[in-house]
>>> print(open('my_file.cif').read())   # mmCIF, C-alpha atoms
data_query
#
loop_
_atom_site.label_atom_id
_atom_site.label_comp_id
_atom_site.auth_asym_id
_atom_site.auth_seq_id
_atom_site.Cartn_x
_atom_site.Cartn_y
_atom_site.Cartn_z
CA MET A 1 1.69 30.38 7.82
CA ILE A 2 2.49 27.44 5.53
CA SER A 3 -0.22 24.79 5.51
CA ARG A 4 0.46 21.08 5.28
CA ARG A 5 -0.72 20.99 1.66
CA THR A 6 1.30 24.04 0.64
CA GLY A 7 4.36 22.41 2.13
CA LEU A 8 3.67 19.21 0.21
CA ALA A 9 3.32 21.15 -3.03
CA ALA A 10 6.72 22.74 -2.44
CA THR A 11 8.20 19.30 -1.77
CA ALA A 12 6.71 17.98 -5.00
CA ALA A 13 8.34 20.84 -6.89
CA ALA A 14 11.68 19.83 -5.41
CA LEU A 15 11.10 16.22 -6.45
CA LEU A 16 10.51 17.32 -10.02
CA THR A 17 13.67 19.42 -10.26
CA GLY A 18 15.78 18.34 -13.19
CA ALA A 19 13.07 16.15 -14.71
CA ALA A 20 12.10 18.29 -17.70
CA GLY A 21 13.21 15.87 -20.41
CA PRO A 22 12.02 12.31 -21.04
CA ALA A 23 15.36 10.86 -20.03
CA ALA A 24 16.99 13.39 -17.71
CA ALA A 25 19.43 12.06 -15.13
CA ALA A 26 21.32 14.65 -13.12
CA THR A 27 24.18 12.43 -12.06
CA ALA A 28 27.75 12.09 -13.28
CA PRO A 29 27.74 11.49 -17.07
CA HIS A 30 29.17 7.97 -16.88
CA ARG A 31 26.82 7.02 -14.08
CA ALA A 32 23.81 8.43 -15.94
CA SER A 33 24.76 6.50 -19.06
CA GLU A 34 25.09 3.31 -17.04
CA VAL A 35 21.66 3.76 -15.42
CA ARG A 36 20.04 4.56 -18.74
CA GLY A 37 21.67 1.60 -20.46
CA ARG A 38 20.61 -0.85 -17.74
CA LEU A 39 17.04 0.44 -17.73
CA GLN A 40 16.80 0.18 -21.51
CA SER A 41 18.17 -3.37 -21.36
CA ASP A 42 15.55 -4.34 -18.79
CA VAL A 43 12.72 -2.73 -20.76
CA ASP A 44 13.89 -4.62 -23.85
CA ALA A 45 13.86 -7.84 -21.82
CA ILE A 46 10.19 -7.32 -20.94
CA LEU A 47 9.42 -6.71 -24.61
CA ALA A 48 11.27 -9.91 -25.53
CA THR A 49 8.76 -11.99 -23.56
CA GLY A 50 6.13 -11.06 -26.14
CA ALA A 51 4.83 -7.77 -24.75
CA THR A 52 3.64 -5.17 -27.24
CA GLY A 53 4.86 -2.02 -25.51
CA VAL A 54 6.71 -1.06 -22.31
CA LEU A 55 7.47 2.21 -20.55
CA ALA A 56 9.58 2.64 -17.40
CA GLU A 57 11.12 5.32 -15.20
CA VAL A 58 13.72 5.44 -12.45
CA GLN A 59 13.47 8.54 -10.29
CA SER A 60 15.42 10.15 -7.47
CA ALA A 61 15.84 13.67 -6.11
CA ARG A 62 18.50 14.25 -8.78
CA GLY A 63 16.16 13.60 -11.71
CA ARG A 64 14.75 10.76 -13.71
CA THR A 65 15.75 8.27 -16.35
CA THR A 66 13.16 6.76 -18.69
CA ALA A 67 13.13 4.02 -21.30
CA ARG A 68 10.60 2.54 -23.66
CA ALA A 69 10.31 -0.33 -26.12
CA GLY A 70 7.75 -1.68 -28.53
CA SER A 71 4.85 0.04 -30.21
CA ALA A 72 1.83 2.01 -29.12
CA ALA A 73 -0.40 -0.50 -30.93
CA LEU A 74 0.03 -3.68 -32.95
CA ARG A 75 -1.79 -2.05 -35.84
CA THR A 76 0.79 0.76 -35.92
CA PRO A 77 4.07 -1.09 -35.27
CA HIS A 78 6.25 1.88 -36.20
CA ARG A 79 4.65 4.27 -33.66
CA PRO A 80 6.46 3.94 -30.30
CA VAL A 81 4.85 3.97 -26.88
CA PRO A 82 4.44 7.67 -26.01
CA TRP A 83 6.65 9.19 -23.36
CA ASP A 84 4.55 9.88 -20.23
CA ALA A 85 1.70 7.70 -21.51
CA TYR A 86 -1.35 7.49 -19.29
CA TYR A 87 -2.38 4.02 -18.09
CA ARG A 88 -4.58 2.36 -15.50
CA ILE A 89 -2.45 1.48 -12.49
CA GLY A 90 -4.98 -1.10 -11.27
CA SER A 91 -4.40 -2.29 -7.73
CA ASP A 92 -1.60 0.21 -7.19
CA THR A 93 -4.65 2.35 -6.37
CA LYS A 94 -4.84 0.49 -3.06
CA THR A 95 -1.73 2.26 -1.81
CA PHE A 96 -3.46 5.60 -2.41
CA THR A 97 -6.57 4.42 -0.53
CA ALA A 98 -4.56 3.08 2.41
CA THR A 99 -2.70 6.39 2.61
CA LEU A 100 -6.03 8.23 2.86
CA ALA A 101 -7.22 5.98 5.68
CA LEU A 102 -3.95 6.41 7.56
CA GLN A 103 -4.10 10.18 7.17
CA LEU A 104 -7.54 10.11 8.80
CA ALA A 105 -6.13 7.92 11.57
CA GLY A 106 -3.32 10.42 12.12
CA GLU A 107 -5.89 13.18 12.46
CA GLY A 108 -7.82 11.19 15.08
CA ARG A 109 -10.89 10.85 12.88
CA LEU A 110 -10.51 7.11 12.47
CA ALA A 111 -8.77 4.30 14.32
CA LEU A 112 -7.25 1.22 12.73
CA THR A 113 -8.98 -0.82 15.43
CA ASP A 114 -12.41 0.56 14.52
CA THR A 115 -14.69 -2.13 13.18
CA VAL A 116 -16.60 -2.02 9.92
CA GLU A 117 -19.79 -2.18 11.96
CA GLN A 118 -18.92 1.08 13.73
CA TRP A 119 -18.82 3.00 10.46
CA LEU A 120 -21.14 0.97 8.24
CA PRO A 121 -23.76 -0.55 10.56
CA GLY A 122 -25.25 -3.73 9.13
CA ALA A 123 -23.32 -3.45 5.85
CA VAL A 124 -21.26 -6.62 6.33
CA ARG A 125 -23.65 -9.32 7.51
CA GLY A 126 -25.05 -12.60 6.23
CA ASN A 127 -23.67 -16.01 5.27
CA GLY A 128 -21.32 -15.88 8.24
CA ASN A 129 -19.81 -12.53 7.33
CA ASP A 130 -19.57 -10.26 10.36
CA GLY A 131 -18.50 -6.62 10.23
CA ARG A 132 -18.30 -6.55 14.03
CA ARG A 133 -15.12 -8.67 13.79
CA ILE A 134 -13.44 -6.90 10.89
CA THR A 135 -11.34 -3.81 11.61
CA VAL A 136 -10.01 -1.08 9.37
CA ALA A 137 -6.56 -2.68 9.78
CA ASN A 138 -7.96 -6.02 8.56
CA LEU A 139 -9.32 -4.36 5.45
CA LEU A 140 -6.08 -2.54 4.59
CA ARG A 141 -3.85 -5.54 5.42
CA GLN A 142 -6.05 -8.05 3.55
CA THR A 143 -6.69 -10.12 6.68
CA SER A 144 -10.49 -9.76 6.83
CA GLY A 145 -11.45 -13.07 5.23
CA LEU A 146 -13.95 -11.37 2.92
CA ASN A 147 -14.37 -12.91 -0.52
CA ASP A 148 -13.11 -11.03 -3.56
CA TYR A 149 -16.17 -9.72 -5.40
CA LEU A 150 -14.39 -10.24 -8.73
CA ALA A 151 -13.95 -13.93 -8.00
CA VAL A 152 -17.52 -14.67 -6.88
CA SER A 153 -19.48 -12.42 -9.24
CA PRO A 154 -21.83 -14.54 -11.37
CA ASP A 155 -20.78 -12.57 -14.47
CA SER A 156 -17.02 -12.77 -13.93
CA ALA A 157 -16.37 -15.81 -16.14
CA ASP A 158 -18.26 -14.28 -19.07
CA GLU A 159 -16.37 -11.01 -18.78
CA PHE A 160 -13.05 -12.76 -19.39
CA THR A 161 -13.84 -13.36 -23.05
CA PRO A 162 -13.64 -10.91 -25.97
CA ASP A 163 -17.43 -10.80 -26.36
CA GLY A 164 -17.98 -10.50 -22.62
CA TYR A 165 -15.50 -7.66 -22.43
CA ARG A 166 -17.24 -5.76 -25.22
CA ARG A 167 -20.60 -6.15 -23.56
CA SER A 168 -19.37 -4.93 -20.17
CA ARG A 169 -16.78 -2.26 -21.03
CA PHE A 170 -19.24 0.62 -20.50
CA ARG A 171 -21.05 -1.04 -17.60
CA THR A 172 -20.35 0.07 -14.04
CA THR A 173 -21.26 -1.45 -10.71
CA THR A 174 -21.62 0.41 -7.45
CA PRO A 175 -19.52 -0.36 -4.37
CA GLU A 176 -22.74 -1.56 -2.74
CA ASP A 177 -23.32 -4.07 -5.55
CA GLN A 178 -19.72 -5.24 -5.33
CA LEU A 179 -20.05 -5.76 -1.59
CA LYS A 180 -23.34 -7.61 -2.08
CA ALA A 181 -21.63 -10.03 -4.46
CA ALA A 182 -18.84 -10.70 -1.96
CA LEU A 183 -21.30 -11.30 0.88
CA SER A 184 -23.24 -13.84 -1.17
CA ARG A 185 -20.67 -16.42 -0.07
CA PRO A 186 -19.43 -17.43 3.39
CA PRO A 187 -16.15 -15.73 4.33
CA LEU A 188 -12.85 -17.52 3.99
CA TRP A 189 -12.48 -16.93 7.73
CA VAL A 190 -13.63 -14.46 10.37
CA PRO A 191 -10.90 -12.58 12.27
CA ASP A 192 -10.14 -13.54 15.85
CA ALA A 193 -12.93 -12.36 18.14
CA GLU A 194 -10.64 -11.16 20.95
CA HIS A 195 -8.15 -9.19 18.88
CA PRO A 196 -9.39 -8.97 15.27
CA ALA A 197 -6.83 -6.34 14.24
CA ARG A 198 -4.05 -8.82 15.08
CA GLU A 199 -5.34 -11.39 12.58
CA ARG A 200 -2.51 -12.88 10.53
CA ARG A 201 -4.39 -15.08 8.07
CA TRP A 202 -4.02 -13.37 4.69
CA GLY A 203 -6.03 -13.45 1.49
CA TYR A 204 -6.07 -10.85 -1.28
CA SER A 205 -9.53 -9.41 -1.86
CA ASN A 206 -10.56 -6.30 -3.76
CA THR A 207 -13.64 -6.20 -1.53
CA ASN A 208 -11.48 -5.02 1.37
CA TYR A 209 -10.72 -1.79 -0.44
CA VAL A 210 -14.27 -1.31 -1.62
CA VAL A 211 -15.28 -1.32 2.05
CA ALA A 212 -12.34 0.91 3.00
CA GLY A 213 -13.47 3.42 0.38
CA LEU A 214 -16.99 3.43 1.81
CA ILE A 215 -15.60 4.05 5.30
CA ILE A 216 -13.46 6.95 4.05
CA GLU A 217 -16.57 8.49 2.53
CA ARG A 218 -18.55 8.01 5.77
CA VAL A 219 -15.77 9.55 7.88
CA THR A 220 -15.17 12.57 5.62
CA GLY A 221 -18.61 13.11 4.12
CA ASN A 222 -16.91 13.40 0.72
CA PRO A 223 -16.54 11.08 -2.26
CA TRP A 224 -13.42 8.90 -2.19
CA ALA A 225 -12.24 10.53 -5.43
CA GLN A 226 -12.44 13.99 -3.88
CA GLU A 227 -10.32 12.92 -0.93
CA ILE A 228 -7.73 11.38 -3.29
CA HIS A 229 -7.55 14.66 -5.19
CA ASP A 230 -7.50 17.00 -2.18
CA ARG A 231 -5.07 15.00 -0.04
CA ILE A 232 -2.67 13.44 -2.56
CA ILE A 233 -3.03 14.48 -6.19
CA GLU A 234 -3.20 18.25 -5.70
CA PRO A 235 -0.66 18.60 -2.86
CA LEU A 236 1.93 16.56 -4.76
CA GLY A 237 1.25 18.29 -8.06
CA LEU A 238 0.33 15.03 -9.82
CA ARG A 239 -1.07 16.71 -12.91
CA HIS A 240 -1.28 13.47 -14.84
CA THR A 241 -3.08 11.39 -12.21
CA ILE A 242 -6.87 11.14 -12.31
CA THR A 243 -9.79 9.23 -10.87
CA PRO A 244 -12.00 8.57 -13.92
CA GLY A 245 -15.22 7.71 -12.11
CA THR A 246 -17.52 5.87 -14.52
CA SER A 247 -15.67 6.96 -17.67
CA PRO A 248 -14.11 4.07 -19.62
CA TYR A 249 -11.68 6.35 -21.46
CA VAL A 250 -7.96 6.86 -20.87
CA PRO A 251 -6.53 10.32 -21.75
CA GLU A 252 -4.04 10.81 -24.56
CA PRO A 253 -1.23 10.14 -24.92
CA THR A 254 -1.58 6.45 -24.22
CA ALA A 255 -0.90 3.10 -25.83
CA THR A 256 -3.31 0.32 -26.73
CA ALA A 257 -4.01 -2.09 -23.88
CA HIS A 258 -3.75 -5.57 -25.45
CA THR A 259 -5.40 -8.56 -23.76
CA TRP A 260 -5.05 -12.16 -24.86
CA PHE A 261 -8.12 -13.82 -23.35
CA PRO A 262 -7.89 -17.55 -22.48
CA GLY A 263 -7.86 -19.72 -25.57
CA CYS A 264 -7.61 -16.77 -28.01
CA ALA A 265 -4.87 -16.66 -30.63
CA ARG A 266 -5.20 -12.90 -31.16
CA PRO A 267 -5.28 -10.02 -28.69
CA THR A 268 -8.29 -7.81 -28.00
CA ASP A 269 -7.97 -4.05 -27.71
CA THR A 270 -9.16 -3.51 -24.11
CA THR A 271 -8.19 0.15 -23.78
CA LEU A 272 -11.82 1.07 -23.10
CA ALA A 273 -12.79 -0.28 -19.70
CA SER A 274 -14.82 0.91 -16.75
CA GLY A 275 -15.09 -0.37 -13.24
CA GLY A 276 -13.27 -0.22 -9.97
CA GLY A 277 -13.08 2.55 -7.43
CA ALA A 278 -11.05 2.67 -4.22
CA ASP A 279 -9.70 -0.77 -5.10
CA GLY A 280 -8.28 -0.06 -8.55
CA SER A 281 -9.49 2.86 -10.66
CA VAL A 282 -6.65 5.42 -10.67
CA ILE A 283 -5.09 6.43 -14.00
CA SER A 284 -1.56 7.83 -13.86
CA THR A 285 1.86 7.93 -15.53
CA THR A 286 5.16 6.32 -14.59
CA HIS A 287 6.43 9.75 -13.53
CA ASP A 288 3.50 10.70 -11.28
CA HIS A 289 3.40 7.25 -9.73
CA ALA A 290 7.08 7.47 -8.81
CA VAL A 291 6.58 10.93 -7.25
CA PHE A 292 3.78 9.50 -5.11
CA LEU A 293 5.79 6.48 -3.94
CA ARG A 294 8.81 8.59 -3.02
CA ALA A 295 6.69 11.11 -1.14
CA LEU A 296 4.96 8.31 0.76
CA MET A 297 8.07 6.44 1.88
CA SER A 298 9.97 9.61 2.79
CA GLY A 299 7.23 10.56 5.24
CA ARG A 300 5.72 13.46 3.36
CA LEU A 301 2.18 12.06 3.29
CA LEU A 302 1.94 10.29 6.65
CA ARG A 303 2.99 11.02 10.19
CA PRO A 304 5.70 8.70 11.62
CA ALA A 305 3.26 6.56 13.62
CA GLN A 306 1.00 5.98 10.64
CA LEU A 307 3.88 5.23 8.27
CA ALA A 308 5.18 2.72 10.82
CA ALA A 309 1.73 1.14 10.97
CA MET A 310 1.65 0.89 7.18
CA LYS A 311 4.90 -1.10 7.35
CA GLU A 312 3.57 -3.68 9.83
CA THR A 313 3.32 -6.76 7.62
CA VAL A 314 2.06 -10.32 7.47
CA VAL A 315 3.23 -13.15 5.23
CA ALA A 316 1.54 -13.00 1.81
CA GLU A 317 2.01 -16.39 0.21
CA ASP A 318 1.33 -17.10 -3.48
CA TRP A 319 0.55 -13.46 -4.29
CA SER A 320 3.66 -12.47 -6.21
CA ALA A 321 6.28 -14.27 -8.26
CA ALA A 322 8.87 -12.75 -5.92
CA PRO A 323 9.86 -14.78 -2.82
CA GLY A 324 9.52 -13.61 0.77
CA VAL A 325 6.70 -11.12 0.21
CA ARG A 326 4.99 -9.57 3.22
CA TYR A 327 1.90 -7.35 3.01
CA GLY A 328 1.36 -4.23 5.10
CA LEU A 329 -1.39 -1.62 4.91
CA GLY A 330 -1.88 -1.17 1.18
CA ILE A 331 1.75 -1.82 0.35
CA ALA A 332 3.99 -4.88 0.38
CA TRP A 333 7.63 -5.59 1.11
CA ARG A 334 10.07 -8.07 -0.38
CA PRO A 335 13.75 -8.85 0.12
CA VAL A 336 16.08 -7.99 -2.76
CA ALA A 337 19.65 -9.15 -3.23
CA GLY A 338 22.03 -6.26 -2.74
CA SER A 339 19.63 -4.31 -0.50
CA SER A 340 19.73 -4.67 3.27
CA GLY A 341 16.32 -3.01 3.62
CA GLY A 342 14.49 -4.68 0.75
CA ILE A 343 11.94 -2.69 -1.27
CA TRP A 344 8.32 -1.63 -0.91
CA PHE A 345 5.89 -2.22 -3.76
CA HIS A 346 2.38 -3.23 -4.71
CA GLY A 347 1.66 -3.77 -8.37
CA GLY A 348 -1.51 -3.56 -10.38
CA THR A 349 -3.23 -5.37 -13.23
CA HIS A 350 -6.02 -4.09 -15.42
CA LEU A 351 -7.30 -5.38 -18.73
CA GLY A 352 -4.33 -5.08 -21.06
CA ILE A 353 -2.10 -3.30 -18.53
CA VAL A 354 0.39 -4.48 -15.92
CA SER A 355 1.86 -1.91 -13.53
CA GLU A 356 5.02 -2.92 -11.65
CA SER A 357 6.89 -0.59 -9.34
CA GLY A 358 8.98 -0.29 -6.24
CA VAL A 359 10.53 2.24 -3.87
CA THR A 360 13.39 2.19 -1.41
CA PRO A 361 12.44 2.25 2.30
CA ASP A 362 13.57 5.88 2.64
CA GLY A 363 11.85 7.05 -0.55
CA ALA A 364 15.15 8.14 -2.09
CA ARG A 365 14.59 6.16 -5.26
CA ALA A 366 11.59 4.70 -7.09
CA ALA A 367 11.11 2.64 -10.23
CA THR A 368 7.82 2.41 -12.11
CA SER A 369 6.80 0.55 -15.25
CA ALA A 370 3.79 -0.03 -17.45
CA THR A 371 3.48 -2.98 -19.82
CA PHE A 372 0.59 -2.70 -22.24
CA THR A 373 0.03 -6.44 -22.49
CA LEU A 374 -1.89 -9.01 -20.43
CA ARG A 375 -2.01 -12.69 -21.41
CA MET A 376 -4.53 -14.58 -19.30
CA GLY A 377 -3.64 -18.18 -18.57
CA ASP A 378 -0.49 -18.02 -20.69
CA PRO A 379 2.92 -19.08 -19.27
CA ALA A 380 4.42 -16.18 -21.23
CA GLN A 381 2.72 -13.84 -18.74
CA ASP A 382 4.84 -15.35 -15.97
CA ALA A 383 7.99 -14.55 -17.92
CA GLN A 384 6.76 -10.98 -18.49
CA ASP A 385 6.02 -10.53 -14.79
CA LEU A 386 9.42 -11.85 -13.74
CA ALA A 387 11.17 -9.54 -16.20
CA ALA A 388 9.25 -6.56 -14.77
CA LEU A 389 10.20 -7.53 -11.21
CA ARG A 390 13.83 -7.79 -12.30
CA LEU A 391 13.67 -4.30 -13.81
CA VAL A 392 12.47 -2.84 -10.51
CA ASP A 393 15.00 -4.76 -8.42
CA ARG A 394 17.96 -3.71 -10.58
CA ALA A 395 16.80 -0.11 -10.76
CA LEU A 396 16.64 0.18 -6.98
CA THR A 397 19.84 -1.66 -6.11
CA GLY A 398 22.15 -0.77 -8.99
#
>>> encode(input="my_file.cif", output="structure tokens")
Amino acid sequence: MISRRTGLAATAAALLTGAAGPAAAATAPHRASEVRGRLQSDVDAILATGATGVLAEVQSARGRTTARAGSAALRTPHRPVPWDAYYRIGSDTKTFTATLALQLAGEGRLALTDTVEQWLPGAVRGNGNDGRRITVANLLRQTSGLNDYLAVSPDSADEFTPDGYRRSRFRTTTPEDQLKAALSRPPLWVPDAEHPARERRWGYSNTNYVVAGLIIERVTGNPWAQEIHDRIIEPLGLRHTITPGTSPYVPEPTATAHTWFPGCARPTDTTLASGGGADGSVISTTHDHAVFLRALMSGRLLRPAQLAAMKETVVAEDWSAAPGVRYGLGIAWRPVAGSSGGIWFHGGTHLGIVSESGVTPDGARAATSATFTLRMGDPAQDAQDLAALRLVDRALTG
């Protein structure tokens, strides 16, 4: 008998075939050269916006092509960004968490129409917040109306300064504390009382995934990190993907995460950072992230009904620089010129790191990138983000 996880491991091995080198591309020589040249050009374009270091990968069943530009740190300008550097993928973690919840739904252990109150009695109450009218689908689709704990935390403004960062980089907060901060304010809205899961008002909130993580733990009786490992990381053979828990360290090899805080002329090394859980704590590589995205979209992690549910979207205005974005269950969709089916993506930001990625609807091809630069409140960040979106779009339609 071959178990589900054994089968997934075999699939992962097939995905990795031909990907031994940092820039392997098992296509016709001229085609491979064209793909590599375009990817390098797009990586260079991100660097040209003022980024310090960039790493990217395009992956298909035939192999992978990688490119890099810039340095591993400003203080060592001649040392390039390492191939297969580890980095914090930030909110790309949410796609992992949504996949877990949908796996549980496929197993009949959880329903997307279940309310928060059913699994966490009394946890979401006060100041007009009401867990009886928020479903699992609302959490995963960002239609719950809950405030983002990062936006309403009394310490958030102080943390976005060099001194505030240094004081808080080893400090962790529990999911319960994060939820308490979010509930200290009235909700942006409360989902429709008759059919809360059908709510279409949208607002991005990390709190939604904090609560989703707590529900996953209540359903399974295991820590969220254990479920991530047992259901996704191990079956797919993602040997360079970890959940760091309370550790602020990123494994080697990596590059320095540079953050320009508002009003600062020089960057701060923000490589050390703790915080986040089901909403944004995963550390990975461009290669592992692409393997995950391809496995997800090709149906290797979810049953057809659950993958279809993940792709049920609502309009997500003012969330991304790309036009026409719609948000599903932990993953978003956008139209792309030259692609009739558009692409699926999420994206993540952590201190000093921006993760941008995308995958074709059938999982045949994925593009992932890490830029080791974040400039808060600087128009140059917009140019960097647009260049990263362009890299993904060209990689998946070229």
>>> resolve_selection(input="my_file.cif", expression="the PyMOL selection byres ((chain A and resi 110) around 10)", output="compact mmCIF listing (two decimals) with C-alpha atoms, keeping the file's coordinate frame")
# COMPACT_ATOMS: atom_id res chain seq x y z
CA ALA A 101 -7.22 5.98 5.68
CA LEU A 102 -3.95 6.41 7.56
CA GLN A 103 -4.10 10.18 7.17
CA LEU A 104 -7.54 10.11 8.80
CA ALA A 105 -6.13 7.92 11.57
CA GLY A 106 -3.32 10.42 12.12
CA GLU A 107 -5.89 13.18 12.46
CA GLY A 108 -7.82 11.19 15.08
CA ARG A 109 -10.89 10.85 12.88
CA ALA A 111 -8.77 4.30 14.32
CA LEU A 112 -7.25 1.22 12.73
CA THR A 113 -8.98 -0.82 15.43
CA ASP A 114 -12.41 0.56 14.52
CA TRP A 119 -18.82 3.00 10.46
CA VAL A 136 -10.01 -1.08 9.37
CA ILE A 215 -15.60 4.05 5.30
CA ILE A 216 -13.46 6.95 4.05
CA VAL A 219 -15.77 9.55 7.88
CA THR A 220 -15.17 12.57 5.62
>>> residues_near_point(input="my_file.cif", point="(-4.9, 4.9, -16.3)", cutoff="8 Å", atoms="only C-alpha atoms", output="PyMOL selection string")
chain A and resi 86-90+241-242+250-251+281-285
>>> residues_around(input="my_file.cif", residues="A:Ala337", least_positions_apart="3", cutoff="9 Å", atoms="all atoms listed in the file", output="CSV table (one decimal) with C-alpha atoms, in the frame of the given file")
chain,number,residue,atom,x,y,z
A,340,SER,CA,19.7,-4.7,3.3
A,342,GLY,CA,14.5,-4.7,0.8
A,393,ASP,CA,15.0,-4.8,-8.4
A,397,THR,CA,19.8,-1.7,-6.1
>>> resolve_selection(input="my_file.cif", expression="the PyMOL selection byres ((chain A and resi 188-203) around 9)", output="PyMOL selection string")
chain A and resi 112-115+128-130+132-138+141-147+185-187+204-205+313-317+319+327
>>> closest_residue(input="my_file.cif", among="A:Glu217, A:Glu34, A:Glu252, A:Glu57", to="A:Ala278", atoms="all atoms listed in the file")
A:Glu217
>>> residues_around(input="my_file.cif", residues="stretch 91-95 of chain A", least_positions_apart="3", cutoff="7 Å", atoms="all atoms listed in the file", output="PyMOL selection string")
chain A and resi 98-99+209+278-282+330-331+346-349
>>> closest_residue(input="my_file.cif", among="A:Gly131, A:Pro379, A:Leu100, A:Asp385", to="A:Val354", atoms="all atoms listed in the file")
A:Asp385
>>> atom_distance(input="my_file.cif", atom1="atom CA of A:Pro304", atom2="atom CA of A:Leu329")
14.2 Å
>>> atom_distance(input="my_file.cif", atom1="atom CA of A:Thr172", atom2="atom CA of A:Ser274")
6.2 Å
>>> build_atoms(input="my_file.cif", residues="stretch 268-279 of chain A", atoms="N, CA, C and O atoms", output="mmCIF file, in the coordinates of the input")
data_model
loop_
_atom_site.group_PDB
_atom_site.id
_atom_site.type_symbol
_atom_site.label_atom_id
_atom_site.label_comp_id
_atom_site.auth_asym_id
_atom_site.auth_seq_id
_atom_site.Cartn_x
_atom_site.Cartn_y
_atom_site.Cartn_z
ATOM 1 N N THR A 268 -7.156 -8.724 -27.917
ATOM 2 C CA THR A 268 -8.290 -7.810 -28.000
ATOM 3 C C THR A 268 -7.851 -6.453 -27.479
ATOM 4 O O THR A 268 -7.141 -6.367 -26.470
ATOM 5 N N ASP A 269 -8.235 -5.409 -28.182
ATOM 6 C CA ASP A 269 -7.970 -4.050 -27.710
ATOM 7 C C ASP A 269 -8.910 -3.777 -26.541
ATOM 8 O O ASP A 269 -10.118 -3.634 -26.718
ATOM 9 N N THR A 270 -8.349 -3.712 -25.322
ATOM 10 C CA THR A 270 -9.160 -3.510 -24.110
ATOM 11 C C THR A 270 -8.875 -2.147 -23.475
ATOM 12 O O THR A 270 -8.981 -1.984 -22.259
ATOM 13 N N THR A 271 -8.504 -1.180 -24.301
ATOM 14 C CA THR A 271 -8.190 0.150 -23.780
ATOM 15 C C THR A 271 -9.406 0.783 -23.121
ATOM 16 O O THR A 271 -9.289 1.461 -22.085
ATOM 17 N N LEU A 272 -10.583 0.576 -23.709
ATOM 18 C CA LEU A 272 -11.820 1.070 -23.100
ATOM 19 C C LEU A 272 -12.251 0.107 -22.011
ATOM 20 O O LEU A 272 -12.469 -1.079 -22.273
ATOM 21 N N ALA A 273 -12.364 0.590 -20.797
ATOM 22 C CA ALA A 273 -12.790 -0.280 -19.700
ATOM 23 C C ALA A 273 -13.242 0.571 -18.520
ATOM 24 O O ALA A 273 -12.597 1.561 -18.184
ATOM 25 N N SER A 274 -14.339 0.210 -17.941
ATOM 26 C CA SER A 274 -14.820 0.910 -16.750
ATOM 27 C C SER A 274 -14.817 -0.054 -15.577
ATOM 28 O O SER A 274 -14.614 -1.260 -15.741
ATOM 29 N N GLY A 275 -15.036 0.481 -14.412
ATOM 30 C CA GLY A 275 -15.090 -0.370 -13.240
ATOM 31 C C GLY A 275 -13.999 -0.037 -12.245
ATOM 32 O O GLY A 275 -12.986 0.575 -12.572
ATOM 33 N N GLY A 276 -14.236 -0.471 -11.028
ATOM 34 C CA GLY A 276 -13.270 -0.220 -9.970
ATOM 35 C C GLY A 276 -13.471 1.145 -9.343
ATOM 36 O O GLY A 276 -14.066 2.047 -9.929
ATOM 37 N N GLY A 277 -12.986 1.288 -8.151
ATOM 38 C CA GLY A 277 -13.080 2.550 -7.430
ATOM 39 C C GLY A 277 -11.881 2.635 -6.507
ATOM 40 O O GLY A 277 -10.738 2.700 -6.950
ATOM 41 N N ALA A 278 -12.126 2.590 -5.204
ATOM 42 C CA ALA A 278 -11.050 2.670 -4.220
ATOM 43 C C ALA A 278 -10.104 1.483 -4.302
ATOM 44 O O ALA A 278 -8.999 1.521 -3.760
ATOM 45 N N ASP A 279 -10.535 0.419 -4.986
ATOM 46 C CA ASP A 279 -9.700 -0.770 -5.100
ATOM 47 C C ASP A 279 -8.826 -0.784 -6.341
ATOM 48 O O ASP A 279 -7.882 -1.558 -6.418
#
